[in-house]
file final_9.cif (mmCIF, C-alpha atoms and all ligand atoms)
data_data
#
loop_
_atom_site.label_atom_id
_atom_site.label_comp_id
_atom_site.auth_asym_id
_atom_site.auth_seq_id
_atom_site.Cartn_x
_atom_site.Cartn_y
_atom_site.Cartn_z
CA MET P 1 9.27 -70.34 -6.24
CA LEU P 2 12.56 -69.34 -4.64
CA LYS P 3 12.46 -68.54 -0.95
CA THR P 4 13.05 -64.93 0.06
CA LYS P 5 16.48 -64.68 1.66
CA ILE P 6 16.25 -63.12 5.09
CA ALA P 7 18.90 -61.48 7.25
CA VAL P 8 17.97 -61.12 10.93
CA PHE P 9 19.75 -58.23 12.67
CA VAL P 10 20.27 -58.74 16.42
CA SER P 11 22.03 -57.21 19.42
CA GLY P 12 20.99 -59.18 22.47
CA GLY P 13 19.26 -62.31 23.69
CA GLY P 14 17.67 -63.09 20.37
CA THR P 15 14.37 -64.49 21.60
CA ASN P 16 12.68 -62.99 18.54
CA LEU P 17 15.31 -64.64 16.36
CA GLN P 18 14.45 -67.90 18.14
CA ALA P 19 10.75 -67.36 17.35
CA LEU P 20 11.70 -66.99 13.67
CA ILE P 21 13.88 -70.12 13.76
CA ASP P 22 11.02 -72.05 15.41
CA ALA P 23 8.55 -70.72 12.83
CA GLN P 24 10.84 -71.92 10.08
CA LYS P 25 10.96 -75.38 11.67
CA THR P 26 7.19 -75.65 12.06
CA GLY P 27 6.48 -74.17 8.63
CA THR P 28 4.76 -70.97 9.77
CA LEU P 29 7.63 -69.26 7.98
CA HIS P 30 7.92 -71.03 4.63
CA SER P 31 8.12 -68.33 1.95
CA GLY P 32 11.44 -67.12 3.30
CA GLU P 33 14.54 -68.64 4.85
CA ILE P 34 16.87 -67.18 7.45
CA ALA P 35 20.06 -66.98 5.42
CA LEU P 36 22.09 -64.78 7.76
CA VAL P 37 22.17 -63.49 11.34
CA LEU P 38 23.96 -60.18 11.67
CA ALA P 39 24.93 -59.03 15.16
CA SER P 40 26.07 -55.60 16.31
CA ASN P 41 28.29 -57.16 18.99
CA ASP P 42 30.05 -60.46 19.52
CA GLN P 43 28.54 -61.01 22.99
CA ALA P 44 24.96 -61.28 21.71
CA TYR P 45 23.43 -64.57 22.87
CA ALA P 46 21.56 -64.52 19.57
CA LEU P 47 24.82 -65.63 17.94
CA LYS P 48 24.70 -68.88 19.94
CA ARG P 49 21.18 -69.47 18.61
CA ALA P 50 22.46 -68.98 15.05
CA GLU P 51 25.34 -71.34 15.68
CA GLN P 52 23.12 -74.02 17.25
CA ASN P 53 20.86 -73.91 14.22
CA ASP P 54 23.61 -73.85 11.57
CA ILE P 55 22.68 -70.39 10.36
CA PRO P 56 25.57 -68.34 8.94
CA TYR P 57 26.33 -65.27 11.03
CA SER P 58 28.42 -62.18 10.92
CA VAL P 59 29.36 -59.51 13.50
CA VAL P 60 29.67 -55.91 12.36
CA LYS P 61 30.50 -53.41 15.12
CA ARG P 62 29.79 -49.71 14.64
CA LYS P 63 32.88 -48.71 16.64
CA GLU P 64 35.17 -50.43 14.17
CA PHE P 65 34.31 -47.82 11.55
CA ALA P 66 35.26 -44.15 11.53
CA THR P 67 31.94 -43.00 10.11
CA GLN P 68 28.32 -44.14 9.93
CA GLU P 69 28.71 -44.20 6.15
CA GLU P 70 31.60 -46.67 6.28
CA TYR P 71 29.72 -48.81 8.80
CA GLU P 72 26.65 -48.95 6.59
CA ALA P 73 28.75 -49.64 3.49
CA LYS P 74 30.05 -52.73 5.29
CA LEU P 75 26.52 -53.81 6.22
CA LYS P 76 25.43 -53.40 2.60
CA ALA P 77 28.43 -55.39 1.38
CA VAL P 78 27.59 -58.28 3.73
CA LEU P 79 23.95 -58.20 2.59
CA THR P 80 24.90 -58.18 -1.10
CA GLU P 81 27.42 -60.96 -0.59
CA ASN P 82 24.67 -63.11 0.97
CA GLN P 83 22.06 -62.09 -1.66
CA ILE P 84 19.67 -60.88 1.05
CA ASP P 85 16.16 -59.79 -0.02
CA LEU P 86 14.64 -58.90 3.35
CA ILE P 87 16.08 -57.52 6.60
CA VAL P 88 14.34 -58.27 9.90
CA LEU P 89 15.38 -56.10 12.84
CA ALA P 90 14.85 -58.30 15.91
CA GLY P 91 16.11 -56.32 18.88
CA PHE P 92 18.79 -54.57 16.81
CA MET P 93 20.06 -51.66 18.88
CA SER P 94 22.42 -49.97 16.43
CA ILE P 95 21.11 -46.91 14.58
CA LEU P 96 20.62 -47.07 10.81
CA SER P 97 20.61 -43.81 8.86
CA GLU P 98 18.34 -42.75 6.02
CA ASN P 99 21.19 -43.56 3.68
CA PHE P 100 20.81 -47.21 4.67
CA THR P 101 17.04 -47.47 5.06
CA ALA P 102 16.40 -45.74 1.70
CA ALA P 103 18.47 -48.42 -0.02
CA TYR P 104 15.94 -51.09 1.08
CA PRO P 105 12.46 -49.61 0.67
CA LYS P 106 9.80 -51.94 2.15
CA ARG P 107 12.54 -54.52 2.64
CA ILE P 108 13.31 -53.81 6.29
CA ILE P 109 10.86 -54.70 9.07
CA ASN P 110 11.20 -54.08 12.80
CA ILE P 111 9.51 -55.38 15.93
CA HIS P 112 8.81 -52.73 18.55
CA PRO P 113 7.51 -53.62 22.02
CA SER P 114 4.59 -51.15 22.26
CA LEU P 115 1.50 -50.14 20.34
CA ILE P 116 2.97 -47.51 18.01
CA PRO P 117 2.52 -44.47 18.15
CA SER P 118 2.76 -44.88 21.93
CA PHE P 119 6.17 -45.22 23.58
CA CYS P 120 8.23 -45.24 20.41
CA GLY P 121 10.84 -43.20 18.59
CA LYS P 122 14.18 -41.93 19.84
CA GLY P 123 15.18 -43.32 23.25
CA TYR P 124 12.45 -45.96 23.41
CA TYR P 125 14.03 -49.36 23.18
CA GLY P 126 14.10 -52.58 25.16
CA LEU P 127 13.09 -52.30 28.81
CA LYS P 128 12.79 -48.50 28.58
CA VAL P 129 9.60 -48.93 26.55
CA HIS P 130 7.95 -50.96 29.32
CA GLU P 131 9.22 -48.60 32.04
CA ALA P 132 7.57 -45.73 30.17
CA ALA P 133 4.30 -47.62 29.70
CA LEU P 134 4.15 -48.45 33.43
CA ALA P 135 5.09 -44.88 34.42
CA TYR P 136 2.26 -43.53 32.25
CA GLY P 137 -0.17 -46.01 33.73
CA VAL P 138 -1.60 -47.49 30.53
CA LYS P 139 -3.75 -50.58 31.04
CA VAL P 140 -3.06 -51.98 27.58
CA THR P 141 0.23 -52.13 25.71
CA GLY P 142 1.47 -54.56 23.05
CA ALA P 143 3.81 -54.91 20.11
CA THR P 144 4.03 -53.60 16.56
CA VAL P 145 5.76 -54.85 13.43
CA HIS P 146 6.37 -52.09 10.91
CA PHE P 147 8.37 -51.31 7.79
CA VAL P 148 11.47 -49.26 8.56
CA ASN P 149 12.01 -45.89 6.93
CA GLU P 150 13.94 -42.75 7.88
CA ILE P 151 11.59 -41.92 10.78
CA PRO P 152 12.44 -43.89 13.97
CA ASP P 153 9.53 -46.35 14.46
CA GLY P 154 7.60 -44.29 11.89
CA GLY P 155 7.23 -46.66 8.93
CA GLU P 156 4.00 -48.27 7.77
CA ILE P 157 2.46 -50.60 10.34
CA LEU P 158 2.13 -54.25 9.30
CA LEU P 159 0.75 -55.96 12.42
CA GLN P 160 -0.13 -55.03 15.99
CA LYS P 161 -1.29 -56.99 19.01
CA ALA P 162 -2.54 -55.68 22.34
CA VAL P 163 -1.39 -57.08 25.68
CA ALA P 164 -2.92 -56.32 29.10
CA VAL P 165 -0.92 -54.58 31.80
CA HIS P 166 -1.49 -56.22 35.19
CA LYS P 167 -1.48 -54.57 38.60
CA GLY P 168 1.97 -54.89 40.16
CA ASP P 169 3.78 -55.51 36.86
CA THR P 170 7.48 -54.73 36.84
CA PRO P 171 9.09 -53.69 33.54
CA GLU P 172 10.67 -57.16 33.32
CA VAL P 173 7.39 -58.99 33.91
CA LEU P 174 5.59 -56.82 31.38
CA GLN P 175 8.39 -57.22 28.83
CA ARG P 176 8.13 -60.99 29.10
CA ARG P 177 4.32 -60.96 28.69
CA VAL P 178 4.57 -58.69 25.63
CA MET P 179 7.16 -61.01 24.11
CA GLU P 180 5.20 -64.19 24.81
CA GLU P 181 1.76 -62.94 23.83
CA ALA P 182 2.66 -60.56 21.01
CA GLU P 183 6.23 -60.34 19.70
CA TRP P 184 6.95 -64.02 19.19
CA VAL P 185 3.63 -64.41 17.36
CA LEU P 186 3.65 -61.23 15.28
CA LEU P 187 7.22 -61.25 14.04
CA PRO P 188 7.06 -64.68 12.35
CA GLU P 189 3.63 -63.80 10.89
CA ALA P 190 4.83 -60.49 9.46
CA THR P 191 8.06 -62.06 8.20
CA GLU P 192 6.07 -64.72 6.34
CA MET P 193 3.72 -62.08 4.94
CA VAL P 194 6.52 -59.88 3.56
CA SER P 195 8.66 -62.87 2.45
CA LYS P 196 5.70 -64.12 0.43
CA SER P 197 5.19 -60.75 -1.23
CA LEU P 198 8.89 -60.61 -2.21
CA GLN P 199 9.16 -64.16 -3.53
CA LYS P 200 10.68 -64.49 -6.97
CA GLY P 201 10.77 -67.12 -9.70
C1 LIG P 301 12.44 -57.05 22.08
O1 LIG P 301 11.51 -56.80 23.10
C2 LIG P 301 12.23 -56.08 20.94
O2 LIG P 301 10.89 -55.79 20.70
C3 LIG P 301 12.97 -54.88 21.44
O3 LIG P 301 14.12 -55.40 22.03
C4 LIG P 301 13.86 -56.71 22.54
C5 LIG P 301 14.89 -57.67 22.00
O4 LIG P 301 14.76 -58.95 22.58
N1 LIG P 301 13.25 -53.95 20.37
C6 LIG P 301 13.24 -52.63 20.52
O5 LIG P 301 13.04 -52.07 21.57
C7 LIG P 301 13.50 -51.85 19.23
N2 LIG P 301 13.18 -50.46 19.41
P1 LIG P 301 15.36 -60.25 21.90
O6 LIG P 301 16.85 -59.98 21.62
O7 LIG P 301 15.20 -61.32 22.96
O8 LIG P 301 14.60 -60.54 20.65
#

call {"tool": "encode", "arguments": {"input": "final_9.cif", "output": "structure tokens"}}
result
Amino acid sequence: MLKTKIAVFVSGGGTNLQALIDAQKTGTLHSGEIALVLASNDQAYALKRAEQNDIPYSVVKRKEFATQEEYEAKLKAVLTENQIDLIVLAGFMSILSENFTAAYPKRIINIHPSLIPSFCGKGYYGLKVHEAALAYGVKVTGATVHFVNEIPDGGEILLQKAVAVHKGDTPEVLQRRVMEEAEWVLLPEATEMVSKSLQKG
């Protein structure tokens, strides 16, 4: 069987990318291989992780294109060029339109740092999600991996894991706990699951 070719889309630190790289090394992720890291900016530390692990990478910046359509045409060209089967959004902060998501039905997954449908959708990303959870006063939060469609954070849920909120948590402390206990576990698991289902040959 051929391995499913995965592109990991990143914008920042890339700790979820690192979890995928580690899962590939230990064999948790074995039905797919990370064939490309695509970053929305050239400052993303995630690019260093790609470099250190000899994974090909590419930077595509939205502001270098006049329209969303041209930007997404470039993304598609890079994906086609690298024969990508599955896209994993791992802290990717650039918006993708329906025009893009519809081209890859059930072939884009995203990790979101809350229990969807709480604290998700437009405006909820990164630390803002944890700030909102703490402001609401929930005692349990978590992470969700879902397929990506035209609705922000609205695609079919693949995996979820709950994480306790502790008294005195700051958004940063909570973010770290959600990453350690949920995101870095769920994303490799879901990536293996979908990679396996897409395997060819
Ligand atoms: C992660 O917590 C991820 O769940 C979140 O951004 C962080 C990226 O960290 N994604 C979103 O909020 C998407 N709506 P990383 O670059 O260290 O993986």

call {"tool": "residues_around", "arguments": {"input": "final_9.cif", "residues": "segment 23-29 of chain P", "least_positions_apart": "4", "cutoff": "10 Å", "atoms": "all atoms listed in the file", "output": "number ranges by chain"}}
result
P: 17-19, 33-34, 184-185, 187-193, 195-196

call {"tool": "residues_near_ligand", "arguments": {"input": "final_9.cif", "ligand": "ligand LIG 301 (chain P)", "cutoff": "9 Å", "atoms": "only C-alpha atoms and all ligand atoms", "output": "mmCIF file with C-alpha atoms, in the frame of the given file"}}
result
data_model
loop_
_atom_site.group_PDB
_atom_site.id
_atom_site.type_symbol
_atom_site.label_atom_id
_atom_site.label_comp_id
_atom_site.auth_asym_id
_atom_site.auth_seq_id
_atom_site.Cartn_x
_atom_site.Cartn_y
_atom_site.Cartn_z
ATOM 1 C CA VAL P 10 20.270 -58.740 16.420
ATOM 2 C CA SER P 11 22.030 -57.210 19.420
ATOM 3 C CA GLY P 12 20.990 -59.180 22.470
ATOM 4 C CA GLY P 13 19.260 -62.310 23.690
ATOM 5 C CA GLY P 14 17.670 -63.090 20.370
ATOM 6 C CA THR P 15 14.370 -64.490 21.600
ATOM 7 C CA ASN P 16 12.680 -62.990 18.540
ATOM 8 C CA LEU P 17 15.310 -64.640 16.360
ATOM 9 C CA GLN P 18 14.450 -67.900 18.140
ATOM 10 C CA ALA P 19 10.750 -67.360 17.350
ATOM 11 C CA ALA P 44 24.960 -61.280 21.710
ATOM 12 C CA TYR P 45 23.430 -64.570 22.870
ATOM 13 C CA ALA P 46 21.560 -64.520 19.570
ATOM 14 C CA LEU P 89 15.380 -56.100 12.840
ATOM 15 C CA ALA P 90 14.850 -58.300 15.910
ATOM 16 C CA GLY P 91 16.110 -56.320 18.880
ATOM 17 C CA PHE P 92 18.790 -54.570 16.810
ATOM 18 C CA MET P 93 20.060 -51.660 18.880
ATOM 19 C CA ASN P 110 11.200 -54.080 12.800
ATOM 20 C CA ILE P 111 9.510 -55.380 15.930
ATOM 21 C CA HIS P 112 8.810 -52.730 18.550
ATOM 22 C CA PRO P 113 7.510 -53.620 22.020
ATOM 23 C CA SER P 114 4.590 -51.150 22.260
ATOM 24 C CA CYS P 120 8.230 -45.240 20.410
ATOM 25 C CA GLY P 121 10.840 -43.200 18.590
ATOM 26 C CA LYS P 122 14.180 -41.930 19.840
ATOM 27 C CA GLY P 123 15.180 -43.320 23.250
ATOM 28 C CA TYR P 124 12.450 -45.960 23.410
ATOM 29 C CA TYR P 125 14.030 -49.360 23.180
ATOM 30 C CA GLY P 126 14.100 -52.580 25.160
ATOM 31 C CA LEU P 127 13.090 -52.300 28.810
ATOM 32 C CA LYS P 128 12.790 -48.500 28.580
ATOM 33 C CA VAL P 129 9.600 -48.930 26.550
ATOM 34 C CA ALA P 143 3.810 -54.910 20.110
ATOM 35 C CA THR P 144 4.030 -53.600 16.560
ATOM 36 C CA VAL P 145 5.760 -54.850 13.430
ATOM 37 C CA PRO P 152 12.440 -43.890 13.970
ATOM 38 C CA ASP P 153 9.530 -46.350 14.460
ATOM 39 C CA GLN P 175 8.390 -57.220 28.830
ATOM 40 C CA ARG P 176 8.130 -60.990 29.100
ATOM 41 C CA VAL P 178 4.570 -58.690 25.630
ATOM 42 C CA MET P 179 7.160 -61.010 24.110
ATOM 43 C CA GLU P 183 6.230 -60.340 19.700
ATOM 44 C CA TRP P 184 6.950 -64.020 19.190
#

call {"tool": "closest_residue", "arguments": {"input": "final_9.cif", "among": "P:Val194, P:Leu96, P:Leu36, P:Arg62", "to": "Val78 of chain P", "atoms": "all atoms listed in the file"}}
result
P:Leu36

call {"tool": "residues_around", "arguments": {"input": "final_9.cif", "residues": "Leu2 of chain P", "least_positions_apart": "5", "cutoff": "12 Å", "atoms": "all atoms listed in the file", "output": "ChimeraX atom specification"}}
result
/P:30-33,85,195-201

call {"tool": "residues_near_point", "arguments": {"input": "final_9.cif", "point": "(31.1, -48.1, 9.4)", "cutoff": "12 Å", "atoms": "all atoms listed in the file", "output": "PDB file with C-alpha atoms, in the frame of the given file"}}
result
ATOM      1  CA  SER P  40      26.070 -55.600  16.310  1.00  0.00           C
ATOM      2  CA  VAL P  60      29.670 -55.910  12.360  1.00  0.00           C
ATOM      3  CA  LYS P  61      30.500 -53.410  15.120  1.00  0.00           C
ATOM      4  CA  ARG P  62      29.790 -49.710  14.640  1.00  0.00           C
ATOM      5  CA  LYS P  63      32.880 -48.710  16.640  1.00  0.00           C
ATOM      6  CA  GLU P  64      35.170 -50.430  14.170  1.00  0.00           C
ATOM      7  CA  PHE P  65      34.310 -47.820  11.550  1.00  0.00           C
ATOM      8  CA  ALA P  66      35.260 -44.150  11.530  1.00  0.00           C
ATOM      9  CA  THR P  67      31.940 -43.000  10.110  1.00  0.00           C
ATOM     10  CA  GLN P  68      28.320 -44.140   9.930  1.00  0.00           C
ATOM     11  CA  GLU P  69      28.710 -44.200   6.150  1.00  0.00           C
ATOM     12  CA  GLU P  70      31.600 -46.670   6.280  1.00  0.00           C
ATOM     13  CA  TYR P  71      29.720 -48.810   8.800  1.00  0.00           C
ATOM     14  CA  GLU P  72      26.650 -48.950   6.590  1.00  0.00           C
ATOM     15  CA  ALA P  73      28.750 -49.640   3.490  1.00  0.00           C
ATOM     16  CA  LYS P  74      30.050 -52.730   5.290  1.00  0.00           C
ATOM     17  CA  LEU P  75      26.520 -53.810   6.220  1.00  0.00           C
ATOM     18  CA  LYS P  76      25.430 -53.400   2.600  1.00  0.00           C
ATOM     19  CA  ALA P  77      28.430 -55.390   1.380  1.00  0.00           C
ATOM     20  CA  SER P  94      22.420 -49.970  16.430  1.00  0.00           C
ATOM     21  CA  ILE P  95      21.110 -46.910  14.580  1.00  0.00           C
ATOM     22  CA  LEU P  96      20.620 -47.070  10.810  1.00  0.00           C
ATOM     23  CA  SER P  97      20.610 -43.810   8.860  1.00  0.00           C
ATOM     24  CA  PHE P 100      20.810 -47.210   4.670  1.00  0.00           C
TER      25      PHE P 100
END

call {"tool": "atom_distance", "arguments": {"input": "final_9.cif", "atom1": "atom CA of Ala103 of chain P", "atom2": "atom CA of Phe147 of chain P"}}
result
13.1 Å

call {"tool": "atom_distance", "arguments": {"input": "final_9.cif", "atom1": "atom CA of Asn41 of chain P", "atom2": "atom CA of Ala132 of chain P"}}
result
26.2 Å

call {"tool": "closest_residue", "arguments": {"input": "final_9.cif", "among": "P:Lys5, P:Lys161, P:Lys139, P:Lys48", "to": "Arg107 of chain P", "atoms": "only C-alpha atoms"}}
result
P:Lys5

call {"tool": "atom_distance", "arguments": {"input": "final_9.cif", "atom1": "atom CA of Thr170 of chain P", "atom2": "atom CA of Ser118 of chain P"}}
result
18.5 Å

call {"tool": "decode", "arguments": {"input": "final_9.cif", "residues": "segment 133-166 of chain P", "atoms": "C-alpha atoms", "output": "mmCIF file, in the first residue's frame"}}
result
data_model
loop_
_atom_site.group_PDB
_atom_site.id
_atom_site.type_symbol
_atom_site.label_atom_id
_atom_site.label_comp_id
_atom_site.auth_asym_id
_atom_site.auth_seq_id
_atom_site.Cartn_x
_atom_site.Cartn_y
_atom_site.Cartn_z
ATOM 1 C CA ALA P 133 -13.325 29.556 27.956
ATOM 2 C CA LEU P 134 -11.882 31.129 31.124
ATOM 3 C CA ALA P 135 -14.127 34.208 30.814
ATOM 4 C CA TYR P 136 -17.188 31.948 30.552
ATOM 5 C CA GLY P 137 -16.056 29.935 33.536
ATOM 6 C CA VAL P 138 -16.288 26.432 32.069
ATOM 7 C CA LYS P 139 -14.727 23.715 34.214
ATOM 8 C CA VAL P 140 -13.981 21.423 31.281
ATOM 9 C CA THR P 141 -12.580 22.327 27.879
ATOM 10 C CA GLY P 142 -10.531 20.283 25.409
ATOM 11 C CA ALA P 143 -9.694 19.878 21.752
ATOM 12 C CA THR P 144 -11.456 18.710 18.607
ATOM 13 C CA VAL P 145 -10.227 17.341 15.294
ATOM 14 C CA HIS P 146 -12.761 17.776 12.514
ATOM 15 C CA PHE P 147 -13.072 17.682 8.746
ATOM 16 C CA VAL P 148 -12.993 21.146 7.213
ATOM 17 C CA ASN P 149 -15.867 22.379 5.083
ATOM 18 C CA GLU P 150 -17.259 25.814 4.223
ATOM 19 C CA ILE P 151 -18.511 26.453 7.781
ATOM 20 C CA PRO P 152 -15.731 27.716 10.107
ATOM 21 C CA ASP P 153 -15.081 24.855 12.585
ATOM 22 C CA GLY P 154 -18.356 23.316 11.369
ATOM 23 C CA GLY P 155 -17.252 20.132 9.608
ATOM 24 C CA GLU P 156 -17.844 16.588 10.838
ATOM 25 C CA ILE P 157 -16.131 15.831 14.144
ATOM 26 C CA LEU P 158 -13.517 13.064 14.071
ATOM 27 C CA LEU P 159 -12.120 13.050 17.616
ATOM 28 C CA GLN P 160 -12.539 15.033 20.829
ATOM 29 C CA LYS P 161 -10.842 14.957 24.208
ATOM 30 C CA ALA P 162 -11.832 16.777 27.383
ATOM 31 C CA VAL P 163 -9.332 18.627 29.568
ATOM 32 C CA ALA P 164 -9.985 20.024 33.065
ATOM 33 C CA VAL P 165 -9.785 23.741 33.760
ATOM 34 C CA HIS P 166 -7.966 24.425 37.037
#
